[in-house]
Amino acid sequence: MMAIDRGCLYRMENGITNPYPEEVLLMADCYHAPELKSNYCREMCPLGKDFPKVDNQDLDRITVRAQASFRRITEAKELLLDITEDGVISEDEKDDLNAILKTLDEVNEITQSLKLWVEKNMK
């Protein structure tokens, strides 16, 4: 198993240097902290800057958020069908389309939170 030098760890923890992806994987495994991976991708990698913020929440909180989100998904589905049925997105439909995208982003965030919870608690 690969190890991280104490001095290197000190520099990472104090913001002097940024960790390499391999080091993040190692720390996430060693500390049983899978959230380190998503935080690294979102904060350090330009490719992951649009990843959702994944909160380390309890399962009951994730479930309540998911249920509320499922209700909004049903509404968004109907609205999306109304917007796209004519094959044209008019100016007055763009705000509604952005609201649908926001709902989908929320679902993605909840999905990632649930995946994090499972990885942290079920393995």
# chains A, B, ... in the order shown; residues from 1 in each chain; ligands from 1
call {"tool": "residues_around", "arguments": {"residues": "stretch 25-34 of chain A", "least_positions_apart": "6", "cutoff": "10 Å", "atoms": "only C-alpha atoms", "output": "PyMOL selection string"}}
result
chain A and resi 1-4+9+19+40+56+115-117+119-121+123
call {"tool": "write_last_selection", "arguments": {"atoms": "N, CA, C and O atoms", "output": "mmCIF file, in the first residue's frame"}}
result
data_model
loop_
_atom_site.group_PDB
_atom_site.id
_atom_site.type_symbol
_atom_site.label_atom_id
_atom_site.label_comp_id
_atom_site.auth_asym_id
_atom_site.auth_seq_id
_atom_site.Cartn_x
_atom_site.Cartn_y
_atom_site.Cartn_z
ATOM 1 N N MET A 1 0.842 -1.184 0.000
ATOM 2 C CA MET A 1 0.000 0.000 0.000
ATOM 3 C C MET A 1 0.885 1.244 0.000
ATOM 4 O O MET A 1 1.854 1.336 0.733
ATOM 5 N N MET A 2 0.529 2.175 -0.814
ATOM 6 C CA MET A 2 1.255 3.430 -0.912
ATOM 7 C C MET A 2 0.961 4.302 0.317
ATOM 8 O O MET A 2 -0.116 4.249 0.885
ATOM 9 N N ALA A 3 1.908 5.089 0.743
ATOM 10 C CA ALA A 3 1.733 5.973 1.891
ATOM 11 C C ALA A 3 2.057 7.410 1.497
ATOM 12 O O ALA A 3 2.744 7.650 0.518
ATOM 13 N N ILE A 4 1.542 8.324 2.275
ATOM 14 C CA ILE A 4 1.815 9.743 2.048
ATOM 15 C C ILE A 4 2.698 10.227 3.175
ATOM 16 O O ILE A 4 2.381 10.056 4.354
ATOM 17 N N LEU A 9 1.595 15.546 3.677
ATOM 18 C CA LEU A 9 0.250 15.651 4.230
ATOM 19 C C LEU A 9 0.059 17.005 4.927
ATOM 20 O O LEU A 9 -0.970 17.662 4.757
ATOM 21 N N PRO A 19 -3.069 18.256 -3.529
ATOM 22 C CA PRO A 19 -2.786 16.833 -3.686
ATOM 23 C C PRO A 19 -2.964 16.382 -5.131
ATOM 24 O O PRO A 19 -3.712 16.984 -5.901
ATOM 25 N N TYR A 40 -12.652 17.001 -4.324
ATOM 26 C CA TYR A 40 -11.457 17.262 -5.121
ATOM 27 C C TYR A 40 -11.847 17.566 -6.565
ATOM 28 O O TYR A 40 -11.382 18.549 -7.151
ATOM 29 N N ASN A 56 -22.632 15.395 3.004
ATOM 30 C CA ASN A 56 -22.604 14.178 3.799
ATOM 31 C C ASN A 56 -23.778 14.249 4.772
ATOM 32 O O ASN A 56 -23.667 14.820 5.847
ATOM 33 N N LYS A 115 -25.422 8.089 -3.153
ATOM 34 C CA LYS A 115 -24.273 7.239 -3.494
ATOM 35 C C LYS A 115 -23.169 7.379 -2.450
ATOM 36 O O LYS A 115 -22.554 6.394 -2.040
ATOM 37 N N LEU A 116 -22.910 8.596 -2.015
ATOM 38 C CA LEU A 116 -21.897 8.835 -0.985
ATOM 39 C C LEU A 116 -22.283 8.135 0.311
ATOM 40 O O LEU A 116 -21.452 7.479 0.940
ATOM 41 N N TRP A 117 -23.556 8.249 0.710
ATOM 42 C CA TRP A 117 -24.005 7.601 1.935
ATOM 43 C C TRP A 117 -23.812 6.085 1.850
ATOM 44 O O TRP A 117 -23.304 5.466 2.779
ATOM 45 N N GLU A 119 -21.719 4.410 -0.101
ATOM 46 C CA GLU A 119 -20.293 4.093 -0.103
ATOM 47 C C GLU A 119 -19.702 4.189 1.303
ATOM 48 O O GLU A 119 -18.859 3.394 1.686
ATOM 49 N N LYS A 120 -20.153 5.143 2.054
ATOM 50 C CA LYS A 120 -19.603 5.371 3.397
ATOM 51 C C LYS A 120 -20.156 4.387 4.434
ATOM 52 O O LYS A 120 -19.469 4.015 5.361
ATOM 53 N N ASN A 121 -21.407 3.972 4.269
ATOM 54 C CA ASN A 121 -22.067 3.198 5.311
ATOM 55 C C ASN A 121 -22.364 1.731 4.971
ATOM 56 O O ASN A 121 -22.680 0.977 5.879
ATOM 57 N N LYS A 123 -20.302 -0.347 2.940
ATOM 58 C CA LYS A 123 -19.152 -1.155 2.496
ATOM 59 C C LYS A 123 -18.302 -1.576 3.654
ATOM 60 O O LYS A 123 -18.267 -1.080 4.690
#
call {"tool": "closest_residue", "arguments": {"among": "A:Asp105, A:Glu43, A:Leu81, A:Pro52", "to": "A:Glu93", "atoms": "only C-alpha atoms"}}
result
A:Leu81
call {"tool": "residues_around", "arguments": {"residues": "stretch 58-64 of chain A", "least_positions_apart": "5", "cutoff": "12 Å", "atoms": "only C-alpha atoms", "output": "ChimeraX atom specification"}}
result
/A:69-71,106-107,109-118,120-122
call {"tool": "write_last_selection", "arguments": {"atoms": "N, CA, C and O atoms", "output": "PDB file, in the first residue's frame"}}
result
ATOM      1  N   SER A  69     -38.154  15.919  -4.280  1.00  0.00           N
ATOM      2  CA  SER A  69     -37.619  16.091  -5.624  1.00  0.00           C
ATOM      3  C   SER A  69     -38.407  15.260  -6.640  1.00  0.00           C
ATOM      4  O   SER A  69     -38.640  15.702  -7.764  1.00  0.00           O
ATOM      5  N   PHE A  70     -38.835  14.056  -6.253  1.00  0.00           N
ATOM      6  CA  PHE A  70     -39.630  13.218  -7.162  1.00  0.00           C
ATOM      7  C   PHE A  70     -40.934  13.920  -7.537  1.00  0.00           C
ATOM      8  O   PHE A  70     -41.406  13.836  -8.676  1.00  0.00           O
ATOM      9  N   ARG A  71     -41.522  14.627  -6.584  1.00  0.00           N
ATOM     10  CA  ARG A  71     -42.750  15.377  -6.876  1.00  0.00           C
ATOM     11  C   ARG A  71     -42.471  16.463  -7.916  1.00  0.00           C
ATOM     12  O   ARG A  71     -43.219  16.628  -8.869  1.00  0.00           O
ATOM     13  N   GLU A 106     -30.864  19.312  -9.090  1.00  0.00           N
ATOM     14  CA  GLU A 106     -31.177  18.943  -7.707  1.00  0.00           C
ATOM     15  C   GLU A 106     -31.268  17.424  -7.557  1.00  0.00           C
ATOM     16  O   GLU A 106     -30.752  16.852  -6.593  1.00  0.00           O
ATOM     17  N   VAL A 107     -31.904  16.776  -8.515  1.00  0.00           N
ATOM     18  CA  VAL A 107     -31.998  15.313  -8.482  1.00  0.00           C
ATOM     19  C   VAL A 107     -30.607  14.696  -8.564  1.00  0.00           C
ATOM     20  O   VAL A 107     -30.295  13.737  -7.845  1.00  0.00           O
ATOM     21  N   GLU A 109     -27.815  16.026  -7.538  1.00  0.00           N
ATOM     22  CA  GLU A 109     -27.161  16.255  -6.244  1.00  0.00           C
ATOM     23  C   GLU A 109     -27.635  15.239  -5.203  1.00  0.00           C
ATOM     24  O   GLU A 109     -26.830  14.678  -4.456  1.00  0.00           O
ATOM     25  N   ILE A 110     -28.939  14.988  -5.179  1.00  0.00           N
ATOM     26  CA  ILE A 110     -29.487  14.017  -4.230  1.00  0.00           C
ATOM     27  C   ILE A 110     -28.967  12.618  -4.551  1.00  0.00           C
ATOM     28  O   ILE A 110     -28.602  11.855  -3.645  1.00  0.00           O
ATOM     29  N   THR A 111     -28.903  12.277  -5.831  1.00  0.00           N
ATOM     30  CA  THR A 111     -28.368  10.979  -6.246  1.00  0.00           C
ATOM     31  C   THR A 111     -26.937  10.809  -5.775  1.00  0.00           C
ATOM     32  O   THR A 111     -26.563   9.761  -5.228  1.00  0.00           O
ATOM     33  N   GLN A 112     -26.129  11.832  -5.951  1.00  0.00           N
ATOM     34  CA  GLN A 112     -24.730  11.762  -5.532  1.00  0.00           C
ATOM     35  C   GLN A 112     -24.619  11.667  -4.014  1.00  0.00           C
ATOM     36  O   GLN A 112     -23.746  10.966  -3.485  1.00  0.00           O
ATOM     37  N   SER A 113     -25.495  12.367  -3.294  1.00  0.00           N
ATOM     38  CA  SER A 113     -25.492  12.276  -1.827  1.00  0.00           C
ATOM     39  C   SER A 113     -25.847  10.867  -1.376  1.00  0.00           C
ATOM     40  O   SER A 113     -25.242  10.332  -0.436  1.00  0.00           O
ATOM     41  N   LEU A 114     -26.814  10.253  -2.047  1.00  0.00           N
ATOM     42  CA  LEU A 114     -27.193   8.883  -1.705  1.00  0.00           C
ATOM     43  C   LEU A 114     -26.061   7.911  -2.014  1.00  0.00           C
ATOM     44  O   LEU A 114     -25.752   7.027  -1.210  1.00  0.00           O
ATOM     45  N   LYS A 115     -25.422   8.089  -3.153  1.00  0.00           N
ATOM     46  CA  LYS A 115     -24.273   7.239  -3.494  1.00  0.00           C
ATOM     47  C   LYS A 115     -23.169   7.379  -2.450  1.00  0.00           C
ATOM     48  O   LYS A 115     -22.554   6.394  -2.040  1.00  0.00           O
ATOM     49  N   LEU A 116     -22.910   8.596  -2.015  1.00  0.00           N
ATOM     50  CA  LEU A 116     -21.897   8.835  -0.985  1.00  0.00           C
ATOM     51  C   LEU A 116     -22.283   8.135   0.311  1.00  0.00           C
ATOM     52  O   LEU A 116     -21.452   7.479   0.940  1.00  0.00           O
ATOM     53  N   TRP A 117     -23.556   8.249   0.710  1.00  0.00           N
ATOM     54  CA  TRP A 117     -24.005   7.601   1.935  1.00  0.00           C
ATOM     55  C   TRP A 117     -23.812   6.085   1.850  1.00  0.00           C
ATOM     56  O   TRP A 117     -23.304   5.466   2.779  1.00  0.00           O
ATOM     57  N   VAL A 118     -24.187   5.505   0.709  1.00  0.00           N
ATOM     58  CA  VAL A 118     -24.032   4.053   0.535  1.00  0.00           C
ATOM     59  C   VAL A 118     -22.567   3.666   0.595  1.00  0.00           C
ATOM     60  O   VAL A 118     -22.196   2.709   1.286  1.00  0.00           O
ATOM     61  N   LYS A 120     -20.153   5.143   2.054  1.00  0.00           N
ATOM     62  CA  LYS A 120     -19.603   5.371   3.397  1.00  0.00           C
ATOM     63  C   LYS A 120     -20.156   4.387   4.434  1.00  0.00           C
ATOM     64  O   LYS A 120     -19.469   4.015   5.361  1.00  0.00           O
ATOM     65  N   ASN A 121     -21.407   3.972   4.269  1.00  0.00           N
ATOM     66  CA  ASN A 121     -22.067   3.198   5.311  1.00  0.00           C
ATOM     67  C   ASN A 121     -22.364   1.731   4.971  1.00  0.00           C
ATOM     68  O   ASN A 121     -22.680   0.977   5.879  1.00  0.00           O
ATOM     69  N   MET A 122     -22.269   1.364   3.724  1.00  0.00           N
ATOM     70  CA  MET A 122     -22.657   0.013   3.345  1.00  0.00           C
ATOM     71  C   MET A 122     -21.498  -0.855   2.904  1.00  0.00           C
ATOM     72  O   MET A 122     -21.700  -1.989   2.512  1.00  0.00           O
TER      73      MET A 122
END
